[in-house]
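Accompanying notes for the structure given below.
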Amino acid sequence: MIQCKTIEEIRKQVRHLKKEGKTVAFVPTMGALHKGHLSLIRSAKAHADEVVVSIYVNPEQFGPNEDFEDYPRQLENDIRSCENEDVTIVFTPNDEIMYGSGKKFLSIQVHELNEYMDGGSRPGFFEGIVLVVNKLFNIVEPDFAVFGQKDIQQVQIIRQMVEEFNHAVKIVTAPTERAEDGLALSSRNAYLNREQRIVAPYLYSALKRVEEKIRNGLLEPKAMLNKQQKELKAKGFENDYLNMFSYETMKPVGKLEKGKTYILAGAAYLGKTRLIDNIILDL
Ligand code: AMP
C-alpha cells in the first residue's frame, strides 16, 4: 500500500494506475475506521481494480460548537486497517495541503436539498462536505466513489453535485453496517458511555417500528412518529428529528403515496453525542 500526503504525490500515483488501464474507486473518510468504512472499501473493490481511501477530518464541515477538536483520530490504526483490506493508496493530507493559504475567494452554496434533516440542524455542514468532496474528486479523479447510506442526505447532495458540476465519477451507495444490537456503526459511537451505548440502538428500533406500520398500510405516520419520539425521550434521548422525507427532495412528507420512495430518518442526542439513522422505504 502506498501512503500519499500531498496532492502531487497522489495525482502521480493515480495517473500511473490509469495509464496501466486500471479503474479506480475512491472512499473518502474522516478516519477512526470501523466496519462500516471497511464495507465501503469492499464495495469499492467490487467496482474497480484499485481502491483509494482518504483519511481527513475536514474542519470546514464542523460548526463552531461542534466536536472538531474531540473527533477521534487514530491514523496509525486506520493505515493498518487499510493495509489489511488491500487498499492501493491511502491519502492522508493535512489542513495546509487541503486548504493552503486559507484565503477563499469562492464558496459553494447548497440549496433546497439541505433545508431539512442534518442540513436543517447543522448550518454550513453540507457546504463543508460539498467543498471537500469536490476538492477530493478533483485531486483523485476516481472512476467510482463509494458513500454510506447511513448519511443518506450526503449521498443525495453529492449525486446532485456530480451532476451539476459534471464530475466524471459514478457514485455508489453501500448499505449501513450495524452492531449486533442494530446500532448503526459510527466513529462518534466512541463518545458513548456504557449506559448510553445500551440505550443507543433504540433509535433504530424506533425507525423499525414506524417502518413496520407503514409496510402494514399506514400512510399518515405523524402520530406514530410522535409516539416514537416520546418513547425515545423517555429513554434519555434529546430528539432532533424523526420524520418521513421525500427521497428526491429531502423535504418532509406528511401523507405517503404508493409507488413512491421515502426516507424514514431520525437524529437524536445521547448526552453530547449526535446519532443519526435511516431506512429507505420503497412503497
Ligand atoms: P465518515 O468517516 O463518518 O465521514 O464516513 C465516511 C464514509 O463512511 C461515509 O460515506 C459514511 O456514510 C460511511 N459510513 C459511516 N458509517 C457507516 C456505516 N455504519 N455503514 C456504512 N457506511 C458508513
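Lettering and numbering for the C-alpha cells are positional, with chains as A, B, ... in the shown order, residues counted from 1 in each chain, and ligands counted from 1 in the shown order.
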
All residues within 6 Å of ligand 1 are required, counting only C-alpha atoms and all ligand atoms; please report them as a list of chain:residue names.
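Residues lying within 6 Å of ligand 1: A:Pro28, A:Thr29, A:Met30, A:Gly31, A:Gly36, A:His37, A:Phe147, A:Gly148, A:Gln149, A:Lys150, A:Asp151, A:Pro175, A:Thr176, A:Glu177, A:Arg178, A:Ala184, A:Leu185, A:Ser186.
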
N, CA and C atoms of the current selection, written as a CSV table (one decimal), in the first residue's frame:
chain,number,residue,atom,x,y,z
A,28,PRO,N,-13.9,8.3,0.5
A,28,PRO,CA,-13.5,9.4,1.4
A,28,PRO,C,-14.0,9.1,2.8
A,29,THR,N,-13.1,9.3,3.8
A,29,THR,CA,-13.5,9.1,5.2
A,29,THR,C,-12.8,10.2,6.0
A,30,MET,N,-13.3,10.3,7.3
A,30,MET,CA,-12.7,11.1,8.3
A,30,MET,C,-11.9,10.2,9.3
A,31,GLY,N,-11.6,9.0,8.9
A,31,GLY,CA,-10.8,8.1,9.8
A,31,GLY,C,-11.6,7.5,10.9
A,36,GLY,N,-18.1,-0.2,9.1
A,36,GLY,CA,-18.9,0.5,8.1
A,36,GLY,C,-18.0,1.0,7.0
A,37,HIS,N,-16.9,1.6,7.4
A,37,HIS,CA,-15.9,2.1,6.4
A,37,HIS,C,-15.3,0.9,5.6
A,147,PHE,N,-20.1,5.9,-1.0
A,147,PHE,CA,-20.6,6.6,0.2
A,147,PHE,C,-21.6,5.7,0.9
A,148,GLY,N,-21.7,5.9,2.2
A,148,GLY,CA,-22.6,5.0,3.0
A,148,GLY,C,-24.1,5.6,3.1
A,149,GLN,N,-25.0,4.6,3.1
A,149,GLN,CA,-26.4,5.0,3.2
A,149,GLN,C,-26.7,5.7,4.5
A,150,LYS,N,-25.9,5.4,5.5
A,150,LYS,CA,-26.1,6.0,6.8
A,150,LYS,C,-26.3,7.5,6.7
A,151,ASP,N,-25.5,8.1,5.8
A,151,ASP,CA,-25.5,9.5,5.6
A,151,ASP,C,-26.2,9.8,4.3
A,175,PRO,N,-24.8,-0.2,1.9
A,175,PRO,CA,-25.8,-0.2,3.0
A,175,PRO,C,-25.1,0.1,4.3
A,176,THR,N,-26.0,0.4,5.3
A,176,THR,CA,-25.5,0.8,6.7
A,176,THR,C,-25.0,-0.5,7.4
A,177,GLU,N,-23.8,-0.5,7.9
A,177,GLU,CA,-23.3,-1.6,8.7
A,177,GLU,C,-23.8,-1.3,10.2
A,178,ARG,N,-24.2,-2.4,10.9
A,178,ARG,CA,-24.7,-2.2,12.2
A,178,ARG,C,-24.0,-3.1,13.2
A,184,ALA,N,-26.4,1.7,14.3
A,184,ALA,CA,-25.5,2.0,13.1
A,184,ALA,C,-24.1,2.3,13.6
A,185,LEU,N,-23.1,1.7,12.9
A,185,LEU,CA,-21.7,2.0,13.3
A,185,LEU,C,-21.4,3.4,12.9
A,186,SER,N,-20.6,4.0,13.8
A,186,SER,CA,-20.2,5.4,13.6
A,186,SER,C,-19.0,5.7,14.4

Running DSSP on the backbone, which parts of segment 39-221 of chain A land in alpha helix (DSSP H), as a PyMOL selection string?
chain A and resi 39-47+75-84+95-99+117-121+125-140+152-165+194-199+202-215

Residue selection dump (C-alpha atoms) as a tab-separated table (two decimals), in the first residue's frame:
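Saved result, again.tsv, follows:
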chain	number	residue	atom	x	y	z
A	39	SER	CA	-17.64	-2.42	3.93
A	40	LEU	CA	-17.30	0.68	1.73
A	41	ILE	CA	-13.75	-0.38	0.86
A	42	ARG	CA	-15.02	-3.86	-0.10
A	43	SER	CA	-17.76	-2.34	-2.22
A	44	ALA	CA	-15.10	-0.12	-3.87
A	45	LYS	CA	-13.08	-3.23	-4.65
A	46	ALA	CA	-16.10	-4.86	-6.26
A	47	HIS	CA	-16.45	-1.87	-8.62
A	75	LEU	CA	-4.20	7.41	11.94
A	76	GLU	CA	-1.81	4.53	12.62
A	77	ASN	CA	-4.65	2.09	13.29
A	78	ASP	CA	-6.50	3.36	10.23
A	79	ILE	CA	-3.49	2.86	7.99
A	80	ARG	CA	-3.13	-0.68	9.30
A	81	SER	CA	-6.85	-1.36	8.60
A	82	CYS	CA	-6.44	-0.07	5.03
A	83	GLU	CA	-3.41	-2.28	4.57
A	84	ASN	CA	-5.36	-5.31	5.81
A	95	ASP	CA	-5.12	21.22	6.56
A	96	GLU	CA	-2.27	23.09	4.86
A	97	ILE	CA	-2.39	20.68	1.92
A	98	MET	CA	-6.18	20.78	1.64
A	99	TYR	CA	-6.84	24.46	2.27
A	117	MET	CA	-32.68	16.72	8.19
A	118	ASP	CA	-29.00	17.22	9.04
A	119	GLY	CA	-28.72	20.25	6.77
A	120	GLY	CA	-31.53	21.91	8.73
A	121	SER	CA	-29.90	21.19	12.08
A	125	PHE	CA	-22.43	21.25	7.26
A	126	PHE	CA	-23.19	20.29	3.67
A	127	GLU	CA	-21.38	23.32	2.25
A	128	GLY	CA	-18.29	21.97	4.05
A	129	ILE	CA	-18.86	18.47	2.72
A	130	VAL	CA	-19.51	19.56	-0.86
A	131	LEU	CA	-16.38	21.73	-0.72
A	132	VAL	CA	-14.08	18.95	0.48
A	133	VAL	CA	-15.57	16.20	-1.70
A	134	ASN	CA	-15.38	18.49	-4.72
A	135	LYS	CA	-11.69	19.11	-3.98
A	136	LEU	CA	-11.04	15.40	-3.35
A	137	PHE	CA	-12.75	14.42	-6.62
A	138	ASN	CA	-10.58	16.93	-8.48
A	139	ILE	CA	-7.46	15.59	-6.78
A	140	VAL	CA	-8.13	11.85	-7.10
A	152	ILE	CA	-28.27	9.46	3.05
A	153	GLN	CA	-28.64	13.24	2.70
A	154	GLN	CA	-24.91	13.41	1.97
A	155	VAL	CA	-25.32	10.79	-0.79
A	156	GLN	CA	-28.16	12.72	-2.44
A	157	ILE	CA	-26.31	16.04	-2.26
A	158	ILE	CA	-23.10	14.52	-3.65
A	159	ARG	CA	-25.07	12.93	-6.51
A	160	GLN	CA	-26.51	16.36	-7.29
A	161	MET	CA	-23.05	17.92	-7.10
A	162	VAL	CA	-21.65	15.33	-9.53
A	163	GLU	CA	-24.47	16.07	-11.95
A	164	GLU	CA	-24.31	19.87	-11.71
A	165	PHE	CA	-20.51	20.15	-11.68
A	194	ARG	CA	-21.74	2.39	28.91
A	195	GLU	CA	-25.30	3.43	29.81
A	196	GLN	CA	-25.70	5.48	26.63
A	197	ARG	CA	-24.36	2.61	24.50
A	198	ILE	CA	-27.06	0.32	25.92
A	199	VAL	CA	-29.80	2.82	25.04
A	202	TYR	CA	-33.43	2.36	20.37
A	203	LEU	CA	-33.10	4.99	17.65
A	204	TYR	CA	-33.02	2.23	15.03
A	205	SER	CA	-35.78	0.25	16.83
A	206	ALA	CA	-37.98	3.36	16.71
A	207	LEU	CA	-37.42	3.61	12.95
A	208	LYS	CA	-38.12	-0.14	12.56
A	209	ARG	CA	-41.41	0.20	14.43
A	210	VAL	CA	-42.55	3.02	12.15
A	211	GLU	CA	-41.38	1.07	9.11
A	212	GLU	CA	-43.44	-1.95	10.16
A	213	LYS	CA	-46.62	0.14	10.50
A	214	ILE	CA	-46.03	1.71	7.07
A	215	ARG	CA	-45.39	-1.68	5.49

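Atom CA of Phe91 of chain A sits 9.2 Å away from atom CA of Glu9 of chain A.
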
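The space between atom CA of Arg274 of chain A and atom CA of Gln74 of chain A spans 20.3 Å.
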
Report, in Å with one decimal, the straight-line distance from atom CA of Glu220 of chain A to atom CA of Thr261 of chain A.
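Those two atoms sit 14.7 Å apart.
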
Surrounding residues of segment 143-145 of chain A excluding itself and chain neighbours under 5 positions, 6 Å, only C-alpha atoms, as a VMD selection string
chain A and resid 24 to 27 169 to 171

What's the 6 Å shell around segment 62-73 of chain A, counting only C-alpha atoms, without same-chain residues fewer than 2 positions away, as a PyMOL selection string?
chain A and resi 32+59-60

Counting only C-alpha atoms, which residue out of A:Val110, A:Leu281, A:Ile10, A:Ala268 sits closest to Glu141 of chain A?
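Of the candidates, the smallest distance to Glu141 of chain A is held by A:Ile10.
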
Every residue of segment 92-147 of chain A that DSSP places in strand (DSSP E), as an MDAnalysis selection string:
chainID A and resid 144:147

Extract, using only C-alpha atoms, all DNA, RNA and protein residues at most 9 Å from Leu225 of chain A, discarding same-chain residues fewer than 3 positions from it, and format them as a count of residues only.
11

Set the distance at 10 Å and use only C-alpha atoms: which residues neighbour Tyr269 of chain A once local chain neighbours fewer than 6 positions away are removed? I'd like the list as a short mmCIF file (atom, residue, chain, number, x, y, z; two decimals) with all heavy atoms, in the first residue's frame.
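Writing done, so here's around26.cif:
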data_model
loop_
_atom_site.label_atom_id
_atom_site.label_comp_id
_atom_site.auth_asym_id
_atom_site.auth_seq_id
_atom_site.Cartn_x
_atom_site.Cartn_y
_atom_site.Cartn_z
N GLN A 196 -25.21 4.93 27.91
CA GLN A 196 -25.70 5.48 26.63
C GLN A 196 -25.60 4.43 25.51
O GLN A 196 -26.48 4.33 24.66
CB GLN A 196 -24.88 6.71 26.24
CG GLN A 196 -25.12 7.90 27.16
CD GLN A 196 -24.09 9.00 26.95
OE1 GLN A 196 -22.96 8.75 26.53
NE2 GLN A 196 -24.47 10.23 27.26
N ALA A 200 -28.54 3.36 22.99
CA ALA A 200 -28.37 3.87 21.62
C ALA A 200 -29.15 3.11 20.54
O ALA A 200 -29.71 3.74 19.64
CB ALA A 200 -26.88 3.93 21.28
N LEU A 203 -32.80 4.10 18.78
CA LEU A 203 -33.10 4.99 17.65
C LEU A 203 -33.50 4.15 16.43
O LEU A 203 -34.51 4.41 15.77
CB LEU A 203 -31.89 5.88 17.33
CG LEU A 203 -32.04 6.79 16.10
CD1 LEU A 203 -33.22 7.76 16.25
CD2 LEU A 203 -30.75 7.58 15.84
N LYS A 233 -37.49 9.96 24.03
CA LYS A 233 -37.24 10.95 25.08
C LYS A 233 -37.25 10.28 26.45
O LYS A 233 -36.38 10.54 27.29
CB LYS A 233 -38.29 12.06 25.00
CG LYS A 233 -37.90 13.28 25.80
CD LYS A 233 -38.67 14.52 25.37
CE LYS A 233 -38.40 15.71 26.26
NZ LYS A 233 -37.03 16.12 26.40
N GLY A 236 -34.13 8.73 27.37
CA GLY A 236 -32.99 9.61 27.64
C GLY A 236 -32.43 10.32 26.41
O GLY A 236 -31.43 11.02 26.50
N PHE A 237 -33.09 10.14 25.26
CA PHE A 237 -32.63 10.84 24.05
C PHE A 237 -33.15 12.28 24.04
O PHE A 237 -34.26 12.53 24.51
CB PHE A 237 -33.20 10.17 22.78
CG PHE A 237 -32.56 8.87 22.40
CD1 PHE A 237 -33.01 7.68 22.95
CD2 PHE A 237 -31.52 8.84 21.48
CE1 PHE A 237 -32.43 6.45 22.58
CE2 PHE A 237 -30.95 7.63 21.10
CZ PHE A 237 -31.40 6.43 21.66
N GLU A 238 -32.38 13.17 23.48
CA GLU A 238 -32.84 14.51 23.16
C GLU A 238 -33.09 14.49 21.66
O GLU A 238 -32.14 14.37 20.87
CB GLU A 238 -31.73 15.51 23.53
CG GLU A 238 -32.15 16.95 23.59
CD GLU A 238 -33.27 17.19 24.58
OE1 GLU A 238 -33.09 16.84 25.79
OE2 GLU A 238 -34.29 17.72 24.13
N ASN A 239 -34.37 14.56 21.26
CA ASN A 239 -34.69 14.37 19.84
C ASN A 239 -34.32 15.58 18.99
O ASN A 239 -34.52 16.71 19.42
CB ASN A 239 -36.18 14.11 19.67
CG ASN A 239 -36.56 12.76 20.22
OD1 ASN A 239 -35.98 11.74 19.86
ND2 ASN A 239 -37.53 12.74 21.13
N ASP A 240 -33.81 15.33 17.80
CA ASP A 240 -33.63 16.39 16.82
C ASP A 240 -34.78 16.26 15.81
O ASP A 240 -35.68 17.09 15.78
CB ASP A 240 -32.25 16.27 16.16
CG ASP A 240 -32.00 17.37 15.16
OD1 ASP A 240 -32.94 18.09 14.81
OD2 ASP A 240 -30.84 17.52 14.70
N LEU A 275 -26.62 11.01 17.22
CA LEU A 275 -26.77 9.77 16.45
C LEU A 275 -27.73 10.02 15.30
O LEU A 275 -28.73 10.73 15.47
CB LEU A 275 -27.32 8.65 17.33
CG LEU A 275 -26.54 8.30 18.60
CD1 LEU A 275 -27.29 7.23 19.40
CD2 LEU A 275 -25.15 7.81 18.26
N ILE A 276 -27.43 9.43 14.14
CA ILE A 276 -28.39 9.51 13.03
C ILE A 276 -28.59 8.11 12.45
O ILE A 276 -27.73 7.24 12.61
CB ILE A 276 -27.93 10.46 11.89
CG1 ILE A 276 -26.59 9.99 11.29
CG2 ILE A 276 -27.83 11.88 12.35
CD1 ILE A 276 -26.24 10.74 9.99
#
